[in-house]
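Asker: Before anything else, here's the structure in question.
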Amino acid sequence: EAQVTQNPRYLITVTGKKLTVTCSQNMNHEYMSWYRQDPGLGLRQIYYSMNVEVTDKGDVPEGYKVSRKEKRNFPLILESPSPNQTSLYFCASREDRGGRYGANVLTFGAGSRLTVL
Amino acid sequence: GQQVMQIPQYQHVQEGEDFTTYCNSSTTLSNIQWYKQRPGGHPVFLIQLVKSGEVKKQKRLTFQFGEAKKNSSLHITATQTTDVGTYFCAGPTSGTYKYIFGTGTRLKVLA
């Protein structure tokens, strides 16, 4: 089954304790990205990656790091989490073939709810 | 910065009533997509519009992309309880690979 898998699904942690949220896709997609969802603000892009070793900042990259060493994996790293990073996080991947219908569809993971105390 | 606003933020309708959500971007979008997120779930793709002025229909759902490619709308005819969820518009800004999502419209349908 084609899917994007995130782990953990739920996490409660404390300020300053480094954590990593993993994301893996089995669709051989080149484009992957991370979003955070907060009430009233919709989904905001944190980082995206066009391919292996190619990453770029989205709209809210502060406090986050990413890496893309393999095509299928795109982990999100919080080096020193703070309470304002409490949020629902989604990873997504996308087939990248330009403007063809259906080719730019984002497939989302189930989400990771993070609470930083 | 770039923003995509959706109105209304919330909408409660009686089952069978129509519903419309509007999406307005501060910048031109290469294309626009609509996603639906059920309560407790993740966003799921509904449709993509590419051409200015484009209109597409999916059963009771009608999607429109504005002529200037900066606004879009989603209209649901005769809502059903299965339409409950949050609807997001989204798209890459022209010339970039950054995705901008709208703020979302949460729809509740009362039986």
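In the structure tokens, the first chain shown is A, the next is B, and so on; residue numbers restart at 1 for each chain, and ligands run from 1 in the order shown.
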Name all residues at most 10 Å from Gly41 (chain B) (count only C-alpha atoms; drop same-chain ones fewer than 5 positions away) and give them as a PyMOL selection string.

Answerer: (chain A and resi 108-111) or (chain B and resi 36+85-86)

Asker: Only all heavy atoms, please: the residues just picked out, written as an mmCIF file, in the first residue's frame.

Answerer:
```cif
data_model
loop_
_atom_site.group_PDB
_atom_site.id
_atom_site.type_symbol
_atom_site.label_atom_id
_atom_site.label_comp_id
_atom_site.auth_asym_id
_atom_site.auth_seq_id
_atom_site.Cartn_x
_atom_site.Cartn_y
_atom_site.Cartn_z
ATOM 1 N N PHE A 108 -0.218 12.710 2.517
ATOM 2 C CA PHE A 108 0.159 13.012 3.885
ATOM 3 C C PHE A 108 0.266 11.769 4.747
ATOM 4 O O PHE A 108 -0.462 10.787 4.541
ATOM 5 C CB PHE A 108 -0.879 13.952 4.519
ATOM 6 C CG PHE A 108 -0.780 15.367 4.055
ATOM 7 C CD1 PHE A 108 -1.394 15.778 2.886
ATOM 8 C CD2 PHE A 108 -0.072 16.305 4.795
ATOM 9 C CE1 PHE A 108 -1.299 17.090 2.459
ATOM 10 C CE2 PHE A 108 0.028 17.611 4.380
ATOM 11 C CZ PHE A 108 -0.584 18.010 3.209
ATOM 12 N N GLY A 109 1.139 11.866 5.748
ATOM 13 C CA GLY A 109 1.156 10.870 6.800
ATOM 14 C C GLY A 109 0.012 11.123 7.773
ATOM 15 O O GLY A 109 -0.721 12.102 7.653
ATOM 16 N N ALA A 110 -0.110 10.246 8.750
ATOM 17 C CA ALA A 110 -1.235 10.311 9.692
ATOM 18 C C ALA A 110 -1.076 11.419 10.724
ATOM 19 O O ALA A 110 -2.034 11.760 11.404
ATOM 20 C CB ALA A 110 -1.407 8.970 10.391
ATOM 21 N N GLY A 111 0.121 11.984 10.835
ATOM 22 C CA GLY A 111 0.337 13.085 11.765
ATOM 23 C C GLY A 111 1.041 12.655 13.036
ATOM 24 O O GLY A 111 0.931 11.500 13.464
ATOM 25 N N LYS B 36 -9.238 17.813 1.931
ATOM 26 C CA LYS B 36 -10.229 17.671 2.993
ATOM 27 C C LYS B 36 -9.592 16.907 4.151
ATOM 28 O O LYS B 36 -8.934 15.881 3.930
ATOM 29 C CB LYS B 36 -11.458 16.904 2.491
ATOM 30 C CG LYS B 36 -12.499 16.655 3.567
ATOM 31 C CD LYS B 36 -13.646 15.831 3.032
ATOM 32 C CE LYS B 36 -14.665 15.539 4.126
ATOM 33 N NZ LYS B 36 -15.790 14.708 3.628
ATOM 34 N N GLY B 85 -15.804 18.224 8.044
ATOM 35 C CA GLY B 85 -14.348 18.243 8.040
ATOM 36 C C GLY B 85 -13.836 19.651 7.802
ATOM 37 O O GLY B 85 -14.616 20.604 7.753
ATOM 38 N N THR B 86 -12.545 19.764 7.651
ATOM 39 C CA THR B 86 -11.925 21.039 7.341
ATOM 40 C C THR B 86 -11.405 21.007 5.912
ATOM 41 O O THR B 86 -10.718 20.054 5.529
ATOM 42 C CB THR B 86 -10.775 21.353 8.314
ATOM 43 O OG1 THR B 86 -11.274 21.363 9.646
ATOM 44 C CG2 THR B 86 -10.150 22.702 8.005
#
```

Asker: Up to 12 Å from chain A, what residues of chain B turn up? Count only C-alpha atoms and give them as a tab-separated table (two decimals) with N, CA and C atoms, in the first residue's frame.

Answerer:
```
chain	number	residue	atom	x	y	z
B	1	GLY	N	4.53	38.67	4.36
B	1	GLY	CA	4.80	37.46	3.62
B	1	GLY	C	3.58	36.96	2.88
B	2	GLN	N	3.79	35.88	2.18
B	2	GLN	CA	2.69	35.30	1.39
B	2	GLN	C	1.63	34.72	2.30
B	3	GLN	N	0.38	34.98	1.97
B	3	GLN	CA	-0.71	34.48	2.79
B	3	GLN	C	-1.83	33.97	1.90
B	4	VAL	N	-2.50	32.96	2.43
B	4	VAL	CA	-3.71	32.48	1.77
B	4	VAL	C	-4.80	32.43	2.82
B	5	MET	N	-5.78	33.27	2.66
B	5	MET	CA	-6.86	33.34	3.62
B	5	MET	C	-8.08	32.60	3.10
B	6	GLN	N	-8.77	31.93	4.01
B	6	GLN	CA	-10.01	31.28	3.63
B	6	GLN	C	-11.13	31.83	4.49
B	7	ILE	N	-12.26	32.02	3.88
B	7	ILE	CA	-13.44	32.41	4.62
B	7	ILE	C	-14.63	31.57	4.18
B	8	PRO	N	-15.51	31.24	5.12
B	8	PRO	CA	-15.41	31.55	6.54
B	8	PRO	C	-14.44	30.60	7.23
B	9	GLN	N	-14.14	30.90	8.48
B	9	GLN	CA	-13.27	30.01	9.25
B	9	GLN	C	-14.07	28.79	9.72
B	10	TYR	N	-15.34	29.03	10.07
B	10	TYR	CA	-16.24	27.96	10.50
B	10	TYR	C	-17.57	28.13	9.79
B	30	SER	N	0.74	28.85	-8.96
B	30	SER	CA	0.94	28.08	-10.19
B	30	SER	C	-0.28	27.22	-10.48
B	31	ASN	N	-0.78	26.59	-9.45
B	31	ASN	CA	-2.01	25.83	-9.54
B	31	ASN	C	-2.62	25.83	-8.15
B	32	ILE	N	-3.82	25.39	-8.02
B	32	ILE	CA	-4.43	25.34	-6.70
B	32	ILE	C	-5.01	23.96	-6.47
B	33	GLN	N	-4.85	23.49	-5.27
B	33	GLN	CA	-5.37	22.19	-4.90
B	33	GLN	C	-6.29	22.36	-3.70
B	34	TRP	N	-7.21	21.43	-3.58
B	34	TRP	CA	-8.09	21.41	-2.43
B	34	TRP	C	-7.93	20.08	-1.71
B	35	TYR	N	-7.89	20.18	-0.38
B	35	TYR	CA	-7.75	19.02	0.47
B	35	TYR	C	-8.86	19.03	1.51
B	36	LYS	N	-9.24	17.81	1.93
B	36	LYS	CA	-10.23	17.67	2.99
B	36	LYS	C	-9.59	16.91	4.15
B	37	GLN	N	-9.81	17.42	5.34
B	37	GLN	CA	-9.29	16.75	6.53
B	37	GLN	C	-10.47	16.42	7.44
B	38	ARG	N	-10.72	15.15	7.60
B	38	ARG	CA	-11.78	14.73	8.52
B	38	ARG	C	-11.30	14.95	9.94
B	39	PRO	N	-12.20	15.11	10.90
B	39	PRO	CA	-11.80	15.30	12.31
B	39	PRO	C	-10.88	14.17	12.77
B	40	GLY	N	-9.71	14.55	13.31
B	40	GLY	CA	-8.75	13.56	13.77
B	40	GLY	C	-7.93	12.92	12.67
B	41	GLY	N	-8.13	13.34	11.44
B	41	GLY	CA	-7.43	12.71	10.33
B	41	GLY	C	-6.38	13.60	9.70
B	42	HIS	N	-5.92	13.20	8.54
B	42	HIS	CA	-4.92	13.96	7.82
B	42	HIS	C	-5.52	14.49	6.52
B	43	PRO	N	-4.92	15.54	5.96
B	43	PRO	CA	-5.46	16.09	4.71
B	43	PRO	C	-5.41	15.06	3.58
B	44	VAL	N	-6.49	15.04	2.81
B	44	VAL	CA	-6.59	14.13	1.67
B	44	VAL	C	-6.94	14.96	0.44
B	45	PHE	N	-6.22	14.70	-0.62
B	45	PHE	CA	-6.38	15.44	-1.87
B	45	PHE	C	-7.79	15.28	-2.44
B	46	LEU	N	-8.36	16.40	-2.89
B	46	LEU	CA	-9.65	16.36	-3.58
B	46	LEU	C	-9.49	16.63	-5.07
B	47	ILE	N	-8.82	17.75	-5.40
B	47	ILE	CA	-8.76	18.14	-6.80
B	47	ILE	C	-7.64	19.15	-7.02
B	48	GLN	N	-7.20	19.27	-8.27
B	48	GLN	CA	-6.22	20.28	-8.64
B	48	GLN	C	-6.75	21.08	-9.83
B	49	LEU	N	-6.62	22.39	-9.76
B	49	LEU	CA	-6.98	23.28	-10.86
B	49	LEU	C	-5.72	23.97	-11.35
B	50	VAL	N	-5.57	24.09	-12.65
B	50	VAL	CA	-4.33	24.63	-13.21
B	50	VAL	C	-4.55	25.91	-14.01
B	51	LYS	N	-5.60	25.95	-14.79
B	51	LYS	CA	-5.81	27.08	-15.71
B	51	LYS	C	-6.65	28.17	-15.06
B	86	THR	N	-12.54	19.76	7.65
B	86	THR	CA	-11.93	21.04	7.34
B	86	THR	C	-11.41	21.01	5.91
B	87	TYR	N	-11.73	22.02	5.16
B	87	TYR	CA	-11.34	22.10	3.75
B	87	TYR	C	-10.23	23.13	3.60
B	88	PHE	N	-9.16	22.72	2.98
B	88	PHE	CA	-8.00	23.59	2.76
B	88	PHE	C	-7.76	23.78	1.27
B	89	CYS	N	-7.44	25.00	0.90
B	89	CYS	CA	-6.88	25.22	-0.43
B	89	CYS	C	-5.37	25.31	-0.26
B	90	ALA	N	-4.64	25.04	-1.32
B	90	ALA	CA	-3.18	25.04	-1.23
B	90	ALA	C	-2.58	25.13	-2.62
B	91	GLY	N	-1.36	25.62	-2.67
B	91	GLY	CA	-0.68	25.62	-3.94
B	91	GLY	C	0.74	26.11	-3.82
B	92	PRO	N	1.56	25.73	-4.81
B	92	PRO	CA	2.91	26.27	-4.83
B	92	PRO	C	2.87	27.69	-5.40
B	93	THR	N	3.59	28.59	-4.81
B	93	THR	CA	3.66	29.94	-5.36
B	93	THR	C	4.48	29.90	-6.65
B	94	SER	N	4.11	30.76	-7.57
B	94	SER	CA	4.75	30.75	-8.89
B	94	SER	C	6.27	30.86	-8.78
B	95	GLY	N	6.96	30.00	-9.49
B	95	GLY	CA	8.42	30.07	-9.52
B	95	GLY	C	9.11	29.45	-8.33
B	96	THR	N	8.34	28.84	-7.43
B	96	THR	CA	8.98	28.21	-6.27
B	96	THR	C	8.39	26.82	-6.05
B	97	TYR	N	8.96	26.11	-5.14
B	97	TYR	CA	8.44	24.81	-4.74
B	97	TYR	C	7.86	24.85	-3.33
B	98	LYS	N	7.68	26.07	-2.81
B	98	LYS	CA	7.09	26.22	-1.49
B	98	LYS	C	5.58	26.12	-1.60
B	99	TYR	N	5.00	25.39	-0.68
B	99	TYR	CA	3.55	25.25	-0.66
B	99	TYR	C	2.96	26.22	0.35
B	100	ILE	N	1.90	26.88	-0.08
B	100	ILE	CA	1.15	27.75	0.83
B	100	ILE	C	-0.24	27.14	1.01
B	101	PHE	N	-0.61	26.92	2.25
B	101	PHE	CA	-1.94	26.42	2.54
B	101	PHE	C	-2.83	27.53	3.07
B	102	GLY	N	-4.07	27.44	2.75
B	102	GLY	CA	-5.05	28.34	3.32
B	102	GLY	C	-5.28	28.03	4.78
B	103	THR	N	-5.95	28.94	5.45
B	103	THR	CA	-6.20	28.78	6.88
B	103	THR	C	-7.27	27.74	7.18
B	104	GLY	N	-8.01	27.32	6.16
B	104	GLY	CA	-8.98	26.25	6.33
B	104	GLY	C	-10.37	26.74	6.71
B	105	THR	N	-11.36	26.00	6.28
B	105	THR	CA	-12.74	26.23	6.69
B	105	THR	C	-13.27	24.94	7.29
B	106	ARG	N	-13.70	25.05	8.55
B	106	ARG	CA	-14.24	23.86	9.22
B	106	ARG	C	-15.74	23.82	9.01
```

Asker: Figure out the distance between CA of Asp83 (chain B) and CA of Thr86 (chain A), please, to one decimal in Å.

Answerer: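 CA of Thr86 (chain A) sits 28.6 Å away from CA of Asp83 (chain B).
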
Asker: Excluding region 9-13 of chain A and any residue of its chain fewer than 3 positions from it, enumerate the residues within 6 Å of it, using only C-alpha atoms, and give them as an MDAnalysis selection string.

Answerer: chainID A and resid 112:116

Asker: For the selection you just gave me, I'd like the residues written to a file as an mmCIF file, in the first residue's frame, keeping N, CA, C and O atoms.

Answerer:
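Written out: selection-v5.cif:
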```
data_model
loop_
_atom_site.group_PDB
_atom_site.id
_atom_site.type_symbol
_atom_site.label_atom_id
_atom_site.label_comp_id
_atom_site.auth_asym_id
_atom_site.auth_seq_id
_atom_site.Cartn_x
_atom_site.Cartn_y
_atom_site.Cartn_z
ATOM 1 N N SER A 112 1.762 13.604 13.627
ATOM 2 C CA SER A 112 2.448 13.378 14.900
ATOM 3 C C SER A 112 2.101 14.528 15.829
ATOM 4 O O SER A 112 2.411 15.681 15.518
ATOM 5 N N ARG A 113 1.434 14.197 16.919
ATOM 6 C CA ARG A 113 1.038 15.255 17.860
ATOM 7 C C ARG A 113 2.118 15.373 18.918
ATOM 8 O O ARG A 113 2.351 14.443 19.695
ATOM 9 N N LEU A 114 2.736 16.550 18.948
ATOM 10 C CA LEU A 114 3.857 16.791 19.853
ATOM 11 C C LEU A 114 3.471 17.811 20.903
ATOM 12 O O LEU A 114 2.945 18.877 20.577
ATOM 13 N N THR A 115 3.755 17.491 22.159
ATOM 14 C CA THR A 115 3.552 18.430 23.258
ATOM 15 C C THR A 115 4.882 18.645 23.945
ATOM 16 O O THR A 115 5.545 17.675 24.343
ATOM 17 N N VAL A 116 5.280 19.917 24.065
ATOM 18 C CA VAL A 116 6.525 20.263 24.743
ATOM 19 C C VAL A 116 6.186 21.009 26.032
ATOM 20 O O VAL A 116 5.562 22.073 26.005
#
```

Asker: Write out as a VMD selection string the set of residues from region 2-100 of chain B that DSSP, computed on the backbone, places in strand (DSSP E or B).

Answerer: chain B and resid 4 to 7 10 to 14 19 to 25 29 32 to 37 44 to 49 55 to 58 61 to 65 71 to 76 85 to 93 99 to 100

Asker: Go ahead and compute the interatomic distance for CA of Asn71 (chain B) and CA of Val84 (chain B), in Å to one decimal.

Answerer: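 Between CA of Asn71 (chain B) and CA of Val84 (chain B) the gap is 22.8 Å.
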
Asker: Write out as a VMD selection string each polymer residue whose atoms come within 7 Å of Thr79 (chain B), counting only C-alpha atoms; drop sequence neighbours fewer than 5 positions from it.

Answerer: chain B and resid 15 to 18

Asker: Please determine, counting only C-alpha atoms, which residue among A:Gln3, A:Thr55, A:Ser67, A:Ser80 has the shortest atom-to-atom distance to Ser93 (chain A).

Answerer: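 Ranking A:Gln3, A:Thr55, A:Ser67, A:Ser80 by distance to Ser93 (chain A), first place goes to A:Gln3.
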
Asker: Calculated over only C-alpha atoms, which of the candidates A:Glu1, A:Phe74, A:Pro61, A:Arg68 has the smallest distance to Thr22 (chain A)?

Answerer: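 Among the listed residues, A:Phe74 lies closest to Thr22 (chain A).
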
Asker: Could you pull the residues within 10 Å of Leu78 (chain A), counting only C-alpha atoms, minus those fewer than 2 positions along the same chain, as number ranges by chain?

Answerer: A: 16-21, 62-66, 75-76, 80-82, 85

Asker: Just give me the gap between CA of Leu107 (chain B) and CA of Ser87 (chain A) in Å, one decimal is fine.

Answerer: 21.5 Å
